[in-house]
>>> print(open('my_file08.cif').read())   # mmCIF, C-alpha atoms
data_protein
#
loop_
_atom_site.label_atom_id
_atom_site.label_comp_id
_atom_site.auth_asym_id
_atom_site.auth_seq_id
_atom_site.Cartn_x
_atom_site.Cartn_y
_atom_site.Cartn_z
CA MET A 1 24.61 5.01 1.85
CA ARG A 2 27.99 5.30 3.51
CA ILE A 3 31.05 3.52 2.17
CA GLY A 4 32.47 3.60 5.68
CA ASN A 5 29.75 1.37 7.14
CA SER A 6 32.03 -1.06 8.99
CA LYS A 7 29.38 -3.68 9.79
CA TYR A 8 28.35 -3.91 6.14
CA TRP A 9 31.93 -4.36 4.93
CA ILE A 10 32.62 -6.97 7.59
CA PHE A 11 29.65 -8.98 6.30
CA GLN A 12 30.86 -8.48 2.72
CA PHE A 13 34.33 -9.77 3.65
CA ILE A 14 32.94 -12.77 5.52
CA GLY A 15 30.50 -13.67 2.74
CA TRP A 16 32.84 -13.40 -0.23
CA GLY A 17 35.73 -14.77 1.80
CA SER A 18 33.65 -17.87 2.61
CA PHE A 19 32.79 -18.22 -1.08
CA ALA A 20 36.49 -18.09 -2.00
CA LEU A 21 37.41 -20.67 0.66
CA ILE A 22 34.65 -23.06 -0.43
CA ASN A 23 35.72 -22.87 -4.08
CA THR A 24 39.37 -23.31 -3.14
CA PHE A 25 38.49 -26.35 -1.02
CA PHE A 26 36.65 -28.05 -3.87
CA ALA A 27 39.38 -27.16 -6.35
CA PHE A 28 41.93 -28.70 -3.99
CA SER A 29 39.76 -31.81 -3.55
CA PHE A 30 39.62 -32.34 -7.32
CA ASP A 31 43.25 -31.38 -7.85
CA ARG A 32 42.47 -28.21 -9.83
CA LEU A 33 44.50 -25.65 -7.89
CA THR A 34 46.18 -24.04 -10.88
CA PRO A 35 47.34 -20.44 -11.44
CA ASP A 36 44.42 -19.96 -13.84
CA PHE A 37 42.01 -21.07 -11.12
CA PHE A 38 43.18 -18.32 -8.77
CA LYS A 39 43.07 -15.74 -11.58
CA ARG A 40 39.49 -16.73 -12.47
CA LEU A 41 38.56 -16.67 -8.78
CA GLY A 42 40.07 -13.20 -8.45
CA VAL A 43 38.04 -11.90 -11.40
CA PHE A 44 34.92 -13.49 -9.93
CA LEU A 45 35.52 -11.97 -6.47
CA VAL A 46 36.24 -8.47 -7.77
CA LEU A 47 33.10 -8.47 -9.90
CA GLY A 48 31.05 -10.06 -7.12
CA VAL A 49 32.04 -7.50 -4.48
CA PHE A 50 31.62 -4.56 -6.87
CA PHE A 51 28.22 -5.55 -8.23
CA SER A 52 26.79 -6.71 -4.91
CA HIS A 53 27.76 -3.30 -3.54
CA LEU A 54 26.14 -1.70 -6.59
CA MET A 55 23.01 -3.73 -5.84
CA ARG A 56 22.96 -2.31 -2.31
CA VAL A 57 23.24 1.23 -3.71
CA ILE A 58 20.32 0.56 -6.08
CA ILE A 59 18.21 -0.91 -3.26
CA ILE A 60 18.81 2.17 -1.11
CA GLN A 61 18.25 4.66 -3.94
CA LEU A 62 14.96 3.01 -4.96
CA GLY A 63 13.85 2.69 -1.33
CA LEU A 64 12.94 -0.97 -1.84
CA LEU A 65 13.02 -1.79 1.87
CA GLN A 66 10.27 0.77 2.54
CA LYS A 67 7.86 -0.67 -0.06
CA SER A 68 5.21 -3.38 0.35
CA LEU A 69 6.34 -7.02 0.46
CA ASN A 70 4.96 -7.82 -3.01
CA LYS A 71 6.78 -4.87 -4.58
CA GLN A 72 9.95 -5.74 -2.68
CA ILE A 73 9.99 -9.32 -4.01
CA LEU A 74 9.24 -8.30 -7.61
CA GLN A 75 11.79 -5.48 -7.73
CA PHE A 76 14.44 -7.54 -5.93
CA LEU A 77 14.09 -10.22 -8.63
CA ILE A 78 14.25 -7.64 -11.45
CA VAL A 79 17.36 -5.96 -10.01
CA THR A 80 19.03 -9.33 -9.37
CA PHE A 81 18.30 -10.57 -12.90
CA CYS A 82 19.53 -7.40 -14.60
CA LEU A 83 22.74 -7.30 -12.59
CA ALA A 84 23.34 -11.02 -13.19
CA ILE A 85 23.17 -10.48 -16.98
CA LEU A 86 25.43 -7.43 -16.79
CA VAL A 87 28.09 -8.97 -14.56
CA SER A 88 28.01 -12.19 -16.62
CA TYR A 89 28.75 -10.29 -19.82
CA ILE A 90 31.59 -8.34 -18.16
CA SER A 91 32.94 -11.58 -16.67
CA VAL A 92 33.00 -13.35 -20.04
CA GLU A 93 34.73 -10.38 -21.66
CA ALA A 94 37.30 -10.26 -18.83
CA LEU A 95 38.03 -13.99 -19.06
CA ILE A 96 38.50 -13.74 -22.84
CA TYR A 97 40.78 -10.73 -22.46
CA PHE A 98 42.98 -12.41 -19.83
CA GLU A 99 42.87 -15.73 -21.74
CA LEU A 100 41.30 -17.57 -18.82
CA ILE A 101 38.58 -19.34 -20.83
CA LYS A 102 38.13 -23.03 -19.95
CA GLN A 103 38.28 -25.71 -22.62
CA ASP A 104 34.52 -26.31 -22.67
CA GLU A 105 33.88 -22.57 -22.86
CA LEU A 106 36.47 -22.18 -25.62
CA ALA A 107 34.87 -25.02 -27.54
CA LEU A 108 31.53 -23.26 -27.36
CA LEU A 109 33.05 -20.06 -28.76
CA GLU A 110 34.75 -21.95 -31.61
CA ARG A 111 31.66 -23.81 -32.77
CA THR A 112 31.34 -23.70 -36.52
CA ASP A 113 27.59 -24.26 -36.72
CA VAL A 114 26.71 -20.96 -35.02
CA SER A 115 28.12 -17.43 -35.20
CA TYR A 116 30.69 -16.13 -32.74
CA TRP A 117 28.22 -13.67 -31.15
CA VAL A 118 25.56 -16.33 -30.70
CA SER A 119 28.16 -18.53 -29.02
CA LYS A 120 29.17 -15.69 -26.75
CA LEU A 121 25.52 -14.99 -25.93
CA LEU A 122 25.03 -18.63 -24.92
CA LEU A 123 28.14 -18.42 -22.76
CA VAL A 124 26.88 -15.21 -21.11
CA LEU A 125 23.46 -16.74 -20.39
CA SER A 126 25.08 -19.88 -18.99
CA SER A 127 27.25 -17.79 -16.69
CA ALA A 128 24.34 -15.47 -15.80
CA PHE A 129 22.45 -18.32 -14.19
CA SER A 130 25.26 -18.89 -11.69
CA TYR A 131 25.52 -15.17 -10.95
CA PHE A 132 21.73 -14.93 -10.55
CA ILE A 133 21.73 -17.70 -7.92
CA LEU A 134 24.62 -16.08 -6.08
CA PHE A 135 23.13 -12.57 -6.12
CA PHE A 136 19.72 -13.98 -5.18
CA ILE A 137 21.25 -15.52 -2.05
CA TRP A 138 23.03 -12.21 -1.34
CA SER A 139 19.75 -10.28 -1.74
CA LEU A 140 17.89 -12.74 0.46
CA ILE A 141 20.44 -12.38 3.27
CA TYR A 142 20.37 -8.58 2.90
CA PHE A 143 16.56 -8.54 2.96
CA VAL A 144 16.29 -10.84 5.99
CA TYR A 145 18.90 -8.84 7.92
CA HIS A 146 17.05 -5.55 7.40
CA TYR A 147 13.68 -7.15 8.08
CA VAL A 148 14.90 -8.43 11.44
CA ALA A 149 16.59 -5.08 12.22
CA LYS A 150 13.40 -3.19 11.31
CA SER A 151 11.29 -5.49 13.49
CA ARG A 152 13.61 -4.95 16.43
CA LYS A 153 13.50 -1.17 15.92
CA GLN A 154 9.70 -1.24 15.80
CA GLN A 155 9.65 -3.20 19.05
CA MET A 156 11.98 -0.68 20.67
CA ASP A 157 9.85 2.23 19.36
CA THR A 158 6.74 0.56 20.78
CA LEU A 159 8.38 0.18 24.19
CA GLN A 160 9.54 3.80 24.08
CA LEU A 161 6.06 4.95 23.13
CA GLU A 162 4.43 2.98 25.94
CA SER A 163 6.91 4.45 28.40
CA LEU A 164 6.30 7.96 27.08
CA VAL A 165 2.52 7.56 27.24
CA LYS A 166 2.79 6.40 30.86
CA GLU A 167 4.95 9.39 31.70
CA LEU A 168 2.56 11.67 29.84
CA GLU A 169 -0.36 10.32 31.86
CA LEU A 170 1.37 11.05 35.16
CA LYS A 171 2.52 14.50 34.06
CA THR A 172 -0.88 15.41 32.62
CA ILE A 173 -2.73 14.29 35.74
CA LYS A 174 -0.31 16.28 37.87
CA ALA A 175 -0.86 19.35 35.68
CA HIS A 176 -4.62 19.07 35.92
CA ILE A 177 -4.63 18.57 39.66
CA ASN A 178 -2.32 21.47 40.44
CA PRO A 179 -3.77 24.15 42.74
CA HIS A 180 -3.88 26.85 40.07
CA PHE A 181 -6.26 25.06 37.75
CA ILE A 182 -8.30 23.09 40.30
CA PHE A 183 -8.67 25.94 42.80
CA ASN A 184 -9.56 28.47 40.12
CA SER A 185 -12.16 26.11 38.69
CA LEU A 186 -13.63 25.29 42.11
CA ASN A 187 -13.73 28.97 43.09
CA SER A 188 -15.54 29.78 39.86
CA ILE A 189 -18.00 26.95 40.45
CA ARG A 190 -18.58 28.05 44.06
CA ALA A 191 -19.39 31.56 42.86
CA LEU A 192 -21.98 30.11 40.52
CA VAL A 193 -23.71 27.82 43.03
CA ASP A 194 -26.16 30.52 44.21
CA GLU A 195 -26.00 32.79 41.19
CA ASN A 196 -26.37 30.18 38.43
CA PRO A 197 -26.85 26.62 39.81
CA GLU A 198 -27.38 25.11 36.36
CA ARG A 199 -24.07 26.51 35.11
CA ALA A 200 -22.35 25.30 38.28
CA ARG A 201 -23.61 21.75 37.70
CA LYS A 202 -22.42 21.90 34.09
CA ALA A 203 -19.00 23.18 35.21
CA ILE A 204 -18.64 20.25 37.62
CA THR A 205 -19.38 17.88 34.74
CA GLU A 206 -16.81 19.61 32.57
CA LEU A 207 -14.16 19.35 35.28
CA SER A 208 -15.02 15.67 35.77
CA ASN A 209 -14.66 15.00 32.03
CA ILE A 210 -11.20 16.58 31.97
CA LEU A 211 -9.94 14.58 34.95
CA ARG A 212 -11.40 11.35 33.55
CA SER A 213 -9.76 11.98 30.19
CA SER A 214 -6.41 12.58 31.89
CA MET A 215 -6.60 9.26 33.69
CA GLN A 216 -7.48 7.39 30.51
CA ALA A 217 -4.72 8.96 28.40
CA ASP A 218 -2.78 5.66 28.25
CA LYS A 219 -5.65 3.52 27.00
CA SER A 220 -4.79 3.96 23.32
CA GLU A 221 -2.20 5.54 21.07
CA ALA A 222 -4.85 7.50 19.17
CA VAL A 223 -8.37 8.84 19.66
CA PRO A 224 -10.79 10.40 17.18
CA PHE A 225 -10.23 14.14 16.91
CA GLU A 226 -13.89 14.71 17.79
CA LYS A 227 -13.38 13.11 21.21
CA GLU A 228 -10.29 15.19 21.86
CA LEU A 229 -12.21 18.31 20.84
CA TYR A 230 -14.97 17.60 23.39
CA ILE A 231 -12.43 17.61 26.22
CA VAL A 232 -10.82 20.82 25.00
CA ARG A 233 -14.22 22.51 24.81
CA ASP A 234 -14.83 21.58 28.45
CA TYR A 235 -11.41 22.90 29.43
CA LEU A 236 -11.95 26.20 27.64
CA ALA A 237 -15.43 26.53 29.11
CA LEU A 238 -13.94 26.34 32.60
CA GLU A 239 -11.17 28.77 31.74
CA ASN A 240 -13.75 31.11 30.26
CA MET A 241 -15.40 31.37 33.67
CA ARG A 242 -12.09 32.56 35.10
CA PHE A 243 -11.05 34.97 32.35
CA GLU A 244 -14.59 36.05 31.38
CA ASP A 245 -14.37 38.79 28.72
CA ARG A 246 -10.58 38.50 28.56
CA LEU A 247 -10.84 35.16 26.74
CA ARG A 248 -12.41 34.83 23.31
CA ILE A 249 -12.67 31.34 21.83
CA GLU A 250 -12.98 30.60 18.12
CA TYR A 251 -13.31 27.28 16.32
CA GLN A 252 -12.60 26.64 12.63
CA ILE A 253 -13.23 22.92 12.33
CA ASP A 254 -13.53 20.98 9.10
CA GLU A 255 -16.09 18.23 9.76
CA ASN A 256 -14.05 15.82 7.64
CA THR A 257 -11.33 15.90 10.31
CA LEU A 258 -13.55 14.86 13.23
CA SER A 259 -13.00 11.15 12.66
CA LEU A 260 -9.24 11.40 12.06
CA PRO A 261 -6.99 9.87 14.75
CA VAL A 262 -4.80 12.11 16.90
CA PRO A 263 -2.57 11.36 19.90
CA PRO A 264 -4.65 11.69 23.11
CA MET A 265 -4.26 14.95 25.09
CA MET A 266 -2.11 16.50 22.37
CA LEU A 267 -4.61 19.24 21.50
CA GLN A 268 -5.24 19.76 25.22
CA THR A 269 -1.52 20.33 25.74
CA LEU A 270 -1.35 22.94 22.98
CA VAL A 271 -4.42 24.78 24.29
CA GLU A 272 -3.09 24.79 27.86
CA ASN A 273 0.18 26.22 26.55
CA ALA A 274 -1.76 28.95 24.70
CA ILE A 275 -3.62 29.91 27.88
CA LYS A 276 -0.59 29.77 30.16
CA HIS A 277 1.96 31.55 27.97
CA GLY A 278 -0.42 33.66 25.91
CA ILE A 279 -3.75 34.81 27.36
CA ASN A 280 -2.61 34.70 30.98
CA LYS A 281 0.12 37.27 30.23
CA GLN A 282 -2.12 39.70 28.33
CA ILE A 283 -3.71 42.47 30.42
CA LEU A 284 -6.57 42.83 27.96
CA GLY A 285 -6.75 39.11 27.29
CA GLY A 286 -7.05 37.81 23.76
CA VAL A 287 -8.24 35.05 21.50
CA VAL A 288 -7.63 31.30 21.40
CA ARG A 289 -8.43 29.92 17.96
CA ILE A 290 -8.51 26.20 17.15
CA ILE A 291 -8.20 25.27 13.47
CA SER A 292 -8.55 21.76 12.07
CA ARG A 293 -8.48 21.03 8.35
CA ILE A 294 -7.09 18.73 5.67
CA LYS A 295 -4.40 20.24 3.48
CA ASP A 296 -2.07 18.48 1.03
CA ASP A 297 -2.74 14.98 2.47
CA TYR A 298 -2.06 16.24 6.00
CA HIS A 299 -4.33 16.82 8.95
CA GLU A 300 -3.37 20.39 9.84
CA LEU A 301 -4.18 21.08 13.48
CA SER A 302 -3.26 24.49 14.84
CA VAL A 303 -3.86 26.50 17.99
CA GLN A 304 -3.49 30.27 17.71
CA ASN A 305 -3.39 32.66 20.64
CA THR A 306 -2.76 36.32 21.28
CA GLY A 307 0.80 36.88 22.47
CA HIS A 308 4.44 37.06 21.52
CA LEU A 309 6.87 34.22 20.96
CA ASN A 310 10.49 33.91 21.99
CA GLY A 311 12.39 34.02 18.69
CA LYS A 312 14.48 30.98 19.62
CA MET A 313 11.40 28.80 19.45
CA ALA A 314 10.14 30.04 16.09
CA GLY A 315 10.04 27.65 13.17
CA GLU A 316 10.03 23.87 13.06
CA VAL A 317 10.57 22.37 16.48
CA ARG A 318 12.69 19.37 17.42
CA PRO A 319 12.68 17.66 20.83
CA ASP A 320 16.19 18.94 21.58
CA ASP A 321 15.05 22.53 21.02
CA LEU A 322 12.53 22.28 23.86
CA SER A 323 14.76 20.99 26.63
CA GLY A 324 14.03 23.01 29.71
CA ARG A 325 10.88 24.56 28.22
CA GLY A 326 8.34 22.28 29.89
CA PHE A 327 7.12 18.76 29.47
CA GLY A 328 4.07 19.50 27.30
CA LEU A 329 5.70 20.73 24.11
CA SER A 330 8.66 18.36 24.23
CA SER A 331 6.31 15.40 24.78
CA THR A 332 4.30 16.46 21.74
CA THR A 333 7.35 16.37 19.47
CA ASN A 334 8.54 13.06 20.96
CA ARG A 335 5.17 11.39 20.50
CA LEU A 336 4.82 12.60 16.92
CA SER A 337 8.33 11.35 16.15
CA LEU A 338 7.64 7.89 17.59
CA LEU A 339 4.23 7.53 15.94
CA TYR A 340 5.00 8.95 12.52
CA GLY A 341 8.78 9.22 12.24
CA ASN A 342 9.74 12.21 10.11
CA LYS A 343 6.36 12.32 8.34
CA ALA A 344 4.70 14.52 10.98
CA LYS A 345 5.81 18.03 11.86
CA PHE A 346 5.35 20.36 14.82
CA GLU A 347 5.90 24.07 14.36
CA ILE A 348 5.60 27.11 16.62
CA ARG A 349 5.80 30.52 14.98
CA GLN A 350 4.80 34.14 15.26
CA ALA A 351 1.96 34.08 12.71
CA ALA A 352 1.23 37.80 13.11
CA PRO A 353 2.67 40.65 15.21
CA THR A 354 0.35 39.75 18.10
CA LEU A 355 -0.57 36.16 17.22
CA VAL A 356 1.32 32.96 18.06
CA GLU A 357 0.54 29.71 16.26
CA ALA A 358 1.37 26.14 17.31
CA LYS A 359 0.73 23.84 14.35
CA VAL A 360 0.86 20.06 13.98
CA LEU A 361 0.87 18.32 10.60
CA ILE A 362 -0.19 14.65 10.73
CA PRO A 363 -0.16 12.56 7.53
CA VAL A 364 -3.68 11.46 6.62
CA GLY A 365 -4.15 7.73 6.21
CA ASP A 366 -1.01 6.65 8.13
CA ASP A 367 -1.60 3.84 10.59
CA PHE A 368 -0.03 3.91 14.03
#
>>> encode(input="my_file08.cif", output="structure tokens")
Amino acid sequence: MRIGNSKYWIFQFIGWGSFALINTFFAFSFDRLTPDFFKRLGVFLVLGVFFSHLMRVIIIQLGLLQKSLNKQILQFLIVTFCLAILVSYISVEALIYFELIKQDELALLERTDVSYWVSKLLLVLSSAFSYFILFFIWSLIYFVYHYVAKSRKQQMDTLQLESLVKELELKTIKAHINPHFIFNSLNSIRALVDENPERARKAITELSNILRSSMQADKSEAVPFEKELYIVRDYLALENMRFEDRLRIEYQIDENTLSLPVPPMMLQTLVENAIKHGINKQILGGVVRIISRIKDDYHELSVQNTGHLNGKMAGEVRPDDLSGRGFGLSSTTNRLSLLYGNKAKFEIRQAAPTLVEAKVLIPVGDDF
């Protein structure tokens, strides 16, 4: 919460200013524009502005706008009721102190058939009803404003995501059809045609699966992890023909994660990065290890590879940190941010002296 939020204070000024003008208009119409009227109005406005601002602070601190609709309604009513009672009591005390009590209110306080405190309680409850109605209207306007703003933001995020997925599709297809990958795969397949025809046919199928998956990357925002894993297995099988003994592949997959949703081609991007920047630069080759498990209500998906990491990229990664470092990693952080906000994390680190780890944490149970 920032006190300097100009839009919020403009709305506060307009709202309470309109309230003051309406009351002044009716007082003028009934010939009640007295000095006491303006003093009472001043007390009312000061308390109204202060406690409506306090209500906003409470709403933000409790995170009411992020809760379900039923909880929002219930807690809004509770907060409004409690503040109405509190501000009503303070208002009555202020009016008594400044001797601004009206005749009917004074008569209630001076009743002989009930005690002074009971009379004051009745006066507080009577005043609380008016404050409750006023704060309820204030809360309703505040709720509707943020609901509309949130809906607009979600629409903008959806448009951004669709645009990003389209761009990802084009970039991914381009990456898969580049001469390095396609020519290496075709050369490996050609070498197997006479030597191992069955393996050559299987390699063609694997290459076809990868290209088909690239072209369908925009069909949905999420795919089951098992489907993504199939494509990565095909990719690594083709790369294994090229690297032979230089590439060792290990899988540590928790079966409970196979049905969990993941962004399409995300794992593929991480594995490609491990091959390109890790194994490809090692004379003796190395290992690519894929780990998928559930840990602390997160789907922990990591790709480890033999190699060394530039220290500037170690730790938690933000999109700005990856500018100029290739489309794959920056697109991963952007997609995670759009799909999960700040709930998901992407981290690249030097897990061991000769082992680099790219790890994604996706909250389990979150809908897209």
>>> residues_around(input="my_file08.cif", residues="stretch 291-298 of chain A", least_positions_apart="3", cutoff="7 Å", atoms="only C-alpha atoms", output="ChimeraX atom specification")
/A:251-254,257,301-303,361-364
>>> resolve_selection(input="my_file08.cif", expression="the PyMOL selection byres ((chain A and resi 229) around 10)", output="PyMOL selection string")
chain A and resi 224-228+230-235+253+258+265+267-268+290
>>> atom_distance(input="my_file08.cif", atom1="atom CA of A:Asn280", atom2="atom CA of A:Val262")
26.7 Å
>>> atom_distance(input="my_file08.cif", atom1="atom CA of A:Ile14", atom2="atom CA of A:Ile78")
25.8 Å
>>> resolve_selection(input="my_file08.cif", expression="the PyMOL selection byres ((chain A and resi 20-27) around 12)", output="number ranges by chain")
A: 13-19, 28-46, 48-49
>>> resolve_selection(input="my_file08.cif", expression="the PyMOL selection byres ((chain A and resi 124) around 8)", output="list in words")
Ile85, Ser88, Tyr89, Val92, Lys120, Leu121, Leu122, Leu123, Leu125, Ser126, Ser127 and Ala128 of chain A
>>> closest_residue(input="my_file08.cif", among="A:Gly63, A:Asn342, A:Ala358, A:Ser259", to="A:Asn273", atoms="only C-alpha atoms")
A:Ala358
>>> atom_distance(input="my_file08.cif", atom1="atom CA of A:Met55", atom2="atom CA of A:Tyr131")
12.8 Å
>>> residues_around(input="my_file08.cif", residues="A:Lys281", least_positions_apart="5", cutoff="9 Å", atoms="all atoms listed in the file", output="list in words")
Ile275, Lys276 and Gly307 of chain A
>>> closest_residue(input="my_file08.cif", among="A:Leu140, A:Leu284, A:Val360, A:Leu339", to="A:Gln304", atoms="all atoms listed in the file")
A:Val360
>>> build_atoms(input="my_file08.cif", residues="stretch 56-77 of chain A", atoms="N, CA, C and O atoms", output="short mmCIF file (atom, residue, chain, number, x, y, z; two decimals), in the coordinates of the input")
data_model
loop_
_atom_site.label_atom_id
_atom_site.label_comp_id
_atom_site.auth_asym_id
_atom_site.auth_seq_id
_atom_site.Cartn_x
_atom_site.Cartn_y
_atom_site.Cartn_z
N ARG A 56 23.36 -2.98 -3.56
CA ARG A 56 22.96 -2.31 -2.31
C ARG A 56 22.65 -0.84 -2.57
O ARG A 56 21.67 -0.30 -2.03
N VAL A 57 23.48 -0.18 -3.38
CA VAL A 57 23.24 1.23 -3.71
C VAL A 57 21.89 1.39 -4.41
O VAL A 57 21.11 2.29 -4.09
N ILE A 58 21.59 0.50 -5.35
CA ILE A 58 20.32 0.56 -6.08
C ILE A 58 19.15 0.34 -5.13
O ILE A 58 18.13 1.04 -5.20
N ILE A 59 19.27 -0.62 -4.23
CA ILE A 59 18.21 -0.91 -3.26
C ILE A 59 17.92 0.32 -2.40
O ILE A 59 16.76 0.68 -2.16
N ILE A 60 18.98 0.99 -1.95
CA ILE A 60 18.81 2.17 -1.11
C ILE A 60 18.22 3.32 -1.90
O ILE A 60 17.31 4.01 -1.43
N GLN A 61 18.72 3.54 -3.12
CA GLN A 61 18.25 4.66 -3.94
C GLN A 61 16.78 4.49 -4.31
O GLN A 61 16.02 5.46 -4.35
N LEU A 62 16.35 3.27 -4.60
CA LEU A 62 14.96 3.01 -4.96
C LEU A 62 14.06 2.89 -3.75
O LEU A 62 12.83 2.85 -3.88
N GLY A 63 14.64 2.83 -2.55
CA GLY A 63 13.85 2.69 -1.33
C GLY A 63 13.06 1.40 -1.28
O GLY A 63 11.92 1.36 -0.81
N LEU A 64 13.67 0.29 -1.76
CA LEU A 64 12.94 -0.97 -1.84
C LEU A 64 12.50 -1.49 -0.48
O LEU A 64 11.44 -2.09 -0.35
N LEU A 65 13.33 -1.25 0.54
CA LEU A 65 13.02 -1.79 1.87
C LEU A 65 11.82 -1.11 2.51
O LEU A 65 11.26 -1.62 3.48
N GLN A 66 11.41 0.06 1.99
CA GLN A 66 10.27 0.77 2.54
C GLN A 66 8.97 0.44 1.81
O GLN A 66 7.90 0.91 2.19
N LYS A 67 9.04 -0.37 0.73
CA LYS A 67 7.86 -0.67 -0.06
C LYS A 67 7.16 -1.92 0.48
O LYS A 67 7.66 -2.60 1.36
N SER A 68 5.97 -2.21 -0.08
CA SER A 68 5.21 -3.38 0.35
C SER A 68 5.97 -4.65 -0.02
O SER A 68 6.83 -4.65 -0.91
N LEU A 69 5.61 -5.76 0.64
CA LEU A 69 6.34 -7.02 0.46
C LEU A 69 6.27 -7.49 -0.99
O LEU A 69 7.27 -7.94 -1.54
N ASN A 70 5.10 -7.37 -1.62
CA ASN A 70 4.96 -7.82 -3.01
C ASN A 70 5.88 -7.03 -3.94
O ASN A 70 6.54 -7.60 -4.81
N LYS A 71 5.91 -5.70 -3.75
CA LYS A 71 6.78 -4.87 -4.58
C LYS A 71 8.25 -5.16 -4.29
O LYS A 71 9.08 -5.13 -5.21
N GLN A 72 8.57 -5.42 -3.03
CA GLN A 72 9.95 -5.74 -2.68
C GLN A 72 10.42 -6.99 -3.42
O GLN A 72 11.49 -7.00 -4.03
N ILE A 73 9.61 -8.05 -3.38
CA ILE A 73 9.99 -9.32 -4.01
C ILE A 73 10.17 -9.14 -5.51
O ILE A 73 11.17 -9.57 -6.09
N LEU A 74 9.18 -8.49 -6.16
CA LEU A 74 9.24 -8.30 -7.61
C LEU A 74 10.46 -7.47 -8.02
O LEU A 74 11.22 -7.86 -8.93
N GLN A 75 10.69 -6.36 -7.34
CA GLN A 75 11.79 -5.48 -7.73
C GLN A 75 13.15 -6.07 -7.36
O GLN A 75 14.14 -5.84 -8.05
N PHE A 76 13.20 -6.84 -6.26
CA PHE A 76 14.44 -7.54 -5.93
C PHE A 76 14.81 -8.52 -7.06
O PHE A 76 15.98 -8.61 -7.47
N LEU A 77 13.83 -9.26 -7.56
CA LEU A 77 14.09 -10.22 -8.63
C LEU A 77 14.53 -9.52 -9.91
O LEU A 77 15.45 -9.98 -10.60
#
